[in-house]
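Chemist: What follows is query_29.cif, made up of mmCIF, C-alpha atoms:
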data_upload
#
loop_
_atom_site.group_PDB
_atom_site.id
_atom_site.type_symbol
_atom_site.label_atom_id
_atom_site.label_comp_id
_atom_site.auth_asym_id
_atom_site.auth_seq_id
_atom_site.Cartn_x
_atom_site.Cartn_y
_atom_site.Cartn_z
ATOM 1 C CA MET A 1 9.723 -5.186 -18.354
ATOM 2 C CA TYR A 2 13.259 -6.225 -17.459
ATOM 3 C CA THR A 3 14.968 -5.156 -20.691
ATOM 4 C CA ASP A 4 15.031 -1.454 -19.877
ATOM 5 C CA PRO A 5 18.419 -0.441 -18.413
ATOM 6 C CA ARG A 6 16.665 1.712 -15.796
ATOM 7 C CA VAL A 7 14.826 -1.341 -14.515
ATOM 8 C CA VAL A 8 17.984 -3.445 -14.492
ATOM 9 C CA ALA A 9 19.881 -0.739 -12.605
ATOM 10 C CA LEU A 10 17.120 -0.304 -10.024
ATOM 11 C CA VAL A 11 16.710 -4.026 -9.426
ATOM 12 C CA GLU A 12 20.468 -4.546 -9.089
ATOM 13 C CA SER A 13 20.801 -1.696 -6.593
ATOM 14 C CA GLU A 14 17.775 -2.423 -4.407
ATOM 15 C CA PHE A 15 16.922 -6.116 -4.730
ATOM 16 C CA VAL A 16 18.125 -9.665 -4.859
ATOM 17 C CA PRO A 17 16.091 -10.842 -7.899
ATOM 18 C CA VAL A 18 14.634 -14.345 -7.990
ATOM 19 C CA ARG A 19 12.790 -15.691 -11.015
ATOM 20 C CA VAL A 20 10.398 -18.567 -10.479
ATOM 21 C CA HIS A 21 9.372 -19.858 -13.882
ATOM 22 C CA VAL A 22 6.206 -21.880 -14.242
ATOM 23 C CA LYS A 23 7.964 -24.480 -16.415
ATOM 24 C CA GLN A 24 11.692 -24.146 -15.750
ATOM 25 C CA ASN A 25 11.271 -24.032 -11.948
ATOM 26 C CA HIS A 26 8.029 -25.931 -11.642
ATOM 27 C CA ASP A 27 8.446 -27.297 -8.100
ATOM 28 C CA GLU A 28 9.568 -23.955 -6.715
ATOM 29 C CA PHE A 29 6.746 -22.244 -8.603
ATOM 30 C CA GLN A 30 4.287 -24.558 -6.870
ATOM 31 C CA ARG A 31 5.865 -24.098 -3.441
ATOM 32 C CA LEU A 32 6.249 -20.325 -3.522
ATOM 33 C CA GLY A 33 3.023 -19.864 -5.456
ATOM 34 C CA ALA A 34 1.143 -21.543 -2.639
ATOM 35 C CA MET A 35 3.113 -19.697 0.040
ATOM 36 C CA TYR A 36 2.326 -16.272 -1.457
ATOM 37 C CA SER A 37 -0.953 -17.067 -3.241
ATOM 38 C CA ALA A 38 0.513 -16.199 -6.617
ATOM 39 C CA GLN A 39 -1.957 -17.567 -9.149
ATOM 40 C CA TRP A 40 -1.145 -15.539 -12.232
ATOM 41 C CA THR A 41 1.867 -14.480 -14.250
ATOM 42 C CA PRO A 42 3.490 -12.151 -14.146
ATOM 43 C CA THR A 43 3.195 -11.670 -10.418
ATOM 44 C CA ILE A 44 6.043 -9.705 -8.876
ATOM 45 C CA LEU A 45 6.528 -9.529 -5.137
ATOM 46 C CA VAL A 46 8.686 -7.291 -3.006
ATOM 47 C CA VAL A 47 9.625 -9.461 -0.049
ATOM 48 C CA ASP A 48 11.631 -8.380 2.970
ATOM 49 C CA PRO A 49 14.518 -10.528 4.280
ATOM 50 C CA ALA A 50 12.163 -12.122 6.814
ATOM 51 C CA GLY A 51 10.067 -13.435 3.935
ATOM 52 C CA GLU A 52 7.180 -11.016 4.466
ATOM 53 C CA GLU A 53 5.480 -9.693 1.332
ATOM 54 C CA ARG A 54 5.548 -5.878 1.272
ATOM 55 C CA HIS A 55 4.238 -5.126 -2.207
ATOM 56 C CA ARG A 56 2.631 -6.963 -5.117
ATOM 57 C CA ILE A 57 2.469 -6.210 -8.825
ATOM 58 C CA GLU A 58 0.172 -8.358 -10.932
ATOM 59 C CA GLY A 59 0.183 -8.169 -14.712
ATOM 60 C CA PHE A 60 2.338 -6.354 -17.241
ATOM 61 C CA LEU A 61 3.108 -2.669 -16.787
ATOM 62 C CA PRO A 62 4.872 -0.144 -19.037
ATOM 63 C CA THR A 63 8.373 0.731 -17.869
ATOM 64 C CA ASP A 64 7.663 3.973 -16.007
ATOM 65 C CA ASP A 65 4.716 2.434 -14.191
ATOM 66 C CA PHE A 66 6.791 -0.615 -13.344
ATOM 67 C CA LEU A 67 9.637 1.516 -12.003
ATOM 68 C CA GLY A 68 7.166 3.460 -9.884
ATOM 69 C CA GLN A 69 5.710 0.275 -8.461
ATOM 70 C CA LEU A 70 9.131 -1.193 -7.697
ATOM 71 C CA ARG A 71 10.173 1.960 -5.868
ATOM 72 C CA LEU A 72 6.848 2.032 -4.066
ATOM 73 C CA GLY A 73 7.630 -1.479 -2.869
ATOM 74 C CA VAL A 74 11.033 -0.457 -1.569
ATOM 75 C CA ALA A 75 9.448 2.457 0.282
ATOM 76 C CA LYS A 76 6.795 0.188 1.790
ATOM 77 C CA ALA A 77 9.486 -2.193 2.981
ATOM 78 C CA ALA A 78 11.244 0.699 4.721
ATOM 79 C CA PHE A 79 7.938 1.746 6.284
ATOM 80 C CA SER A 80 7.256 -1.779 7.524
ATOM 81 C CA ALA A 81 10.742 -1.917 9.020
ATOM 82 C CA GLY A 82 9.923 1.226 11.021
ATOM 83 C CA ASP A 83 12.405 3.409 9.152
ATOM 84 C CA PHE A 84 9.903 6.189 8.598
ATOM 85 C CA THR A 85 12.400 8.879 7.586
ATOM 86 C CA ASP A 86 13.833 6.693 4.830
ATOM 87 C CA ALA A 87 10.332 5.609 3.840
ATOM 88 C CA GLU A 88 9.152 9.216 3.510
ATOM 89 C CA ARG A 89 12.138 10.090 1.318
ATOM 90 C CA ARG A 90 11.500 7.107 -0.923
ATOM 91 C CA PHE A 91 7.750 7.769 -1.174
ATOM 92 C CA GLU A 92 8.459 11.400 -2.093
ATOM 93 C CA GLU A 93 10.837 10.234 -4.814
ATOM 94 C CA VAL A 94 8.060 8.131 -6.320
ATOM 95 C CA VAL A 95 5.768 11.174 -6.322
ATOM 96 C CA SER A 96 8.358 13.428 -7.965
ATOM 97 C CA GLU A 97 9.919 10.966 -10.406
ATOM 98 C CA HIS A 98 6.889 8.880 -11.394
ATOM 99 C CA SER A 99 4.250 11.554 -11.077
ATOM 100 C CA ASN A 100 2.127 10.329 -13.968
ATOM 101 C CA THR A 101 1.766 6.769 -12.722
ATOM 102 C CA GLU A 102 -0.714 5.192 -10.324
ATOM 103 C CA ALA A 103 2.115 4.705 -7.858
ATOM 104 C CA ALA A 104 2.303 8.469 -7.286
ATOM 105 C CA PRO A 105 -0.951 9.150 -5.404
ATOM 106 C CA GLU A 106 -0.420 6.073 -3.249
ATOM 107 C CA ALA A 107 3.123 7.233 -2.513
ATOM 108 C CA GLN A 108 1.858 10.723 -1.672
ATOM 109 C CA TYR A 109 -0.514 9.242 0.879
ATOM 110 C CA TRP A 110 2.128 7.074 2.505
ATOM 111 C CA ALA A 111 4.705 9.881 2.479
ATOM 112 C CA GLY A 112 2.333 11.812 4.702
ATOM 113 C CA VAL A 113 1.786 8.833 6.972
ATOM 114 C CA SER A 114 5.546 8.271 7.165
ATOM 115 C CA ARG A 115 6.182 11.880 8.165
ATOM 116 C CA TYR A 116 3.468 11.644 10.804
ATOM 117 C CA LYS A 117 4.954 8.410 12.153
ATOM 118 C CA ALA A 118 8.419 9.992 12.226
ATOM 119 C CA THR A 119 7.340 13.246 13.880
ATOM 120 C CA ASN A 120 4.038 12.477 15.612
ATOM 121 C CA ASP A 121 2.883 15.812 14.191
ATOM 122 C CA PRO A 122 -0.695 15.747 12.824
ATOM 123 C CA ALA A 123 0.213 18.689 10.591
ATOM 124 C CA ALA A 124 1.897 16.159 8.318
ATOM 125 C CA LEU A 125 -1.463 14.576 7.627
ATOM 126 C CA ASN A 126 -3.184 17.902 7.014
ATOM 127 C CA ALA A 127 -0.385 18.906 4.631
ATOM 128 C CA THR A 128 -0.967 15.691 2.721
ATOM 129 C CA PHE A 129 -4.691 16.432 2.559
ATOM 130 C CA GLN A 130 -3.841 19.863 1.106
ATOM 131 C CA LYS A 131 -1.654 18.253 -1.570
ATOM 132 C CA PHE A 132 -4.539 16.028 -2.592
ATOM 133 C CA GLN A 133 -6.683 19.146 -3.075
ATOM 134 C CA LYS A 134 -4.330 20.137 -5.909
ATOM 135 C CA LYS A 135 -3.292 16.866 -7.532
ATOM 136 C CA TYR A 136 -4.624 13.327 -7.797
ATOM 137 C CA THR A 137 -7.941 14.730 -6.623
ATOM 138 C CA ASP A 138 -9.961 11.869 -8.109
ATOM 139 C CA SER A 139 -7.772 9.090 -6.746
ATOM 140 C CA THR A 140 -8.760 6.576 -4.111
ATOM 141 C CA TRP A 141 -5.874 7.918 -2.038
ATOM 142 C CA ALA A 142 -7.349 11.414 -2.059
ATOM 143 C CA LYS A 143 -10.541 9.927 -0.620
ATOM 144 C CA LYS A 144 -8.559 8.180 2.085
ATOM 145 C CA ALA A 145 -6.738 11.408 2.934
ATOM 146 C CA SER A 146 -9.982 13.413 2.998
ATOM 147 C CA VAL A 147 -10.426 12.786 6.722
ATOM 148 C CA TRP A 148 -7.198 14.703 7.405
ATOM 149 C CA GLY A 149 -8.617 18.041 6.299
ATOM 150 C CA GLY A 150 -10.463 18.969 9.450
ATOM 151 C CA MET B 1 27.563 6.459 -27.919
ATOM 152 C CA ALA B 2 24.789 3.952 -27.272
ATOM 153 C CA THR B 3 24.680 2.236 -23.918
ATOM 154 C CA ALA B 4 25.029 -1.532 -24.139
ATOM 155 C CA ALA B 5 21.917 -3.379 -22.971
ATOM 156 C CA ARG B 6 22.345 -5.285 -19.720
ATOM 157 C CA GLU B 7 20.449 -8.387 -18.881
ATOM 158 C CA MET B 8 19.030 -9.195 -15.492
ATOM 159 C CA THR B 9 20.943 -11.836 -13.596
ATOM 160 C CA TRP B 10 18.229 -13.948 -12.030
ATOM 161 C CA ARG B 11 18.619 -16.285 -9.140
ATOM 162 C CA HIS B 12 16.460 -19.344 -8.552
ATOM 163 C CA ASP B 13 17.188 -20.231 -4.926
ATOM 164 C CA PHE B 14 14.653 -18.206 -2.947
ATOM 165 C CA ASP B 15 15.816 -19.256 0.521
ATOM 166 C CA ARG B 16 19.412 -18.339 -0.279
ATOM 167 C CA ALA B 17 18.203 -15.031 -1.723
ATOM 168 C CA LEU B 18 16.513 -14.154 1.584
ATOM 169 C CA LYS B 19 19.780 -14.644 3.437
ATOM 170 C CA ASP B 20 21.753 -12.645 0.889
ATOM 171 C CA ALA B 21 19.164 -9.859 0.985
ATOM 172 C CA ALA B 22 19.495 -9.645 4.755
ATOM 173 C CA ALA B 23 23.282 -9.443 4.513
ATOM 174 C CA ALA B 24 23.118 -6.774 1.795
ATOM 175 C CA ARG B 25 20.273 -4.824 3.440
ATOM 176 C CA LYS B 26 18.181 -5.313 0.324
ATOM 177 C CA ARG B 27 14.809 -6.801 -0.475
ATOM 178 C CA VAL B 28 14.009 -9.883 -2.551
ATOM 179 C CA LEU B 29 12.181 -9.374 -5.824
ATOM 180 C CA VAL B 30 10.269 -12.525 -6.692
ATOM 181 C CA ASP B 31 9.159 -12.770 -10.301
ATOM 182 C CA PHE B 32 6.572 -15.469 -10.984
ATOM 183 C CA SER B 33 6.973 -15.812 -14.704
ATOM 184 C CA ALA B 34 5.756 -17.715 -17.725
ATOM 185 C CA ALA B 35 7.852 -15.658 -20.134
ATOM 186 C CA PRO B 36 9.705 -17.490 -22.921
ATOM 187 C CA MET B 37 13.210 -18.378 -21.826
#
How does this structure look as structure tokens?
Modeler:
Amino acid sequence: MYTDPRVVALVESEFVPVRVHVKQNHDEFQRLGAMYSAQWTPTILVVDPAGEERHRIEGFLPTDDFLGQLRLGVAKAAFSAGDFTDAERRFEEVVSEHSNTEAAPEAQYWAGVSRYKATNDPAALNATFQKFQKKYTDSTWAKKASVWGG
Amino acid sequence: MATAAREMTWRHDFDRALKDAAAARKRVLVDFSAAPM
């Protein structure tokens, strides 16, 4: 997953990458594996500077799906930091640039939540509900947004 | 002209990475791996 230049560029621009190898870094694998309950490889975590896990990817993914998940993790970290405007922008980018991945409907949901948190305007949630009427209609995230249609 | 492939530069010191991520306003990507090295 890390041989694609798009992945390398994204990781270099957004992350400090740490590899914990089950054999090469055995002690650290045990320590961090216990700390974050990582019991399978590959497990990829997006962790904020305070050490809090913000997103988890378990198992191999094709490049576009992996890019979508990485960017979803960056957006979630922004959301958790309370930077809702930046989070919304990043979630929307996942929707537009990784629209055919499973990251997209989740990002669409959280983009709506981010806008609501930034504006305190319930119309943001209803607008998100309307989007789910047109795309990703069968997704879990559309079900979660269904309560915003009233 | 083909773009030369770039390899990921991995770190192995997680605690140091947290500090560097804070300074750079980035996040830490932790890859638990069993891939051949």
Chemist: Would you work out the distance separating atom CA of Pro17 of chain A from atom CA of Met8 of chain B, expressed in Å to one decimal?
Modeler: 8.3 Å
Chemist: Counting only C-alpha atoms, which residues of chain A come no farther than 10 Å from chain B, as a ChimeraX atom specification?
Modeler: /A:2-9,11-25,28-29,32-33,38-58,70,73-74,77-78
Chemist: Give me the result of the PyMOL selection byres ((chain A and resi 147) around 12) on this file, residue by residue, as a compact mmCIF listing (two decimals) with C-alpha atoms, in the frame of the given file.
Modeler:
# COMPACT_ATOMS: atom_id res chain seq x y z
CA PRO A 122 -0.70 15.75 12.82
CA LEU A 125 -1.46 14.58 7.63
CA ASN A 126 -3.18 17.90 7.01
CA ALA A 127 -0.38 18.91 4.63
CA THR A 128 -0.97 15.69 2.72
CA PHE A 129 -4.69 16.43 2.56
CA GLN A 130 -3.84 19.86 1.11
CA PHE A 132 -4.54 16.03 -2.59
CA TRP A 141 -5.87 7.92 -2.04
CA ALA A 142 -7.35 11.41 -2.06
CA LYS A 143 -10.54 9.93 -0.62
CA LYS A 144 -8.56 8.18 2.08
CA ALA A 145 -6.74 11.41 2.93
CA SER A 146 -9.98 13.41 3.00
CA TRP A 148 -7.20 14.70 7.40
CA GLY A 149 -8.62 18.04 6.30
CA GLY A 150 -10.46 18.97 9.45
Chemist: At what distance in Å, to one decimal, does atom CA of Asp121 of chain A lie from atom CA of Ser96 of chain A?
Modeler: 22.9 Å
Chemist: With 5 Å added on each side, what axis-aligned box encloses every listed atom of segment 121-132 of chain A? Give the centre and edge lengths in Å to one decimal, as lines of an AutoDock Vina configuration file.
Modeler:
center_x = -0.9
center_y = 17.2
center_z = 5.8
size_x = 17.6
size_y = 15.3
size_z = 26.8
Chemist: Quote the spacing between atom CA of Ser80 of chain A and atom CA of Asn100 of chain A in Å to one decimal place.
Modeler: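 Going from atom CA of Ser80 of chain A over to atom CA of Asn100 of chain A, I get 25.2 Å.
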Chemist: Can you tell me, as a PDB file with C-alpha atoms, keeping the file's coordinate frame, what residues are no more than 9 Å from Arg71 of chain A when counting only C-alpha atoms, ignoring any on the same chain fewer than 6 positions away?
Modeler:
ATOM      1  CA  LEU A  10      17.120  -0.304 -10.024  1.00  0.00           C
ATOM      2  CA  GLU A  14      17.775  -2.423  -4.407  1.00  0.00           C
ATOM      3  CA  ARG A  90      11.500   7.107  -0.923  1.00  0.00           C
ATOM      4  CA  PHE A  91       7.750   7.769  -1.174  1.00  0.00           C
ATOM      5  CA  GLU A  93      10.837  10.234  -4.814  1.00  0.00           C
ATOM      6  CA  VAL A  94       8.060   8.131  -6.320  1.00  0.00           C
ATOM      7  CA  ALA A 103       2.115   4.705  -7.858  1.00  0.00           C
TER       8      ALA A 103
END
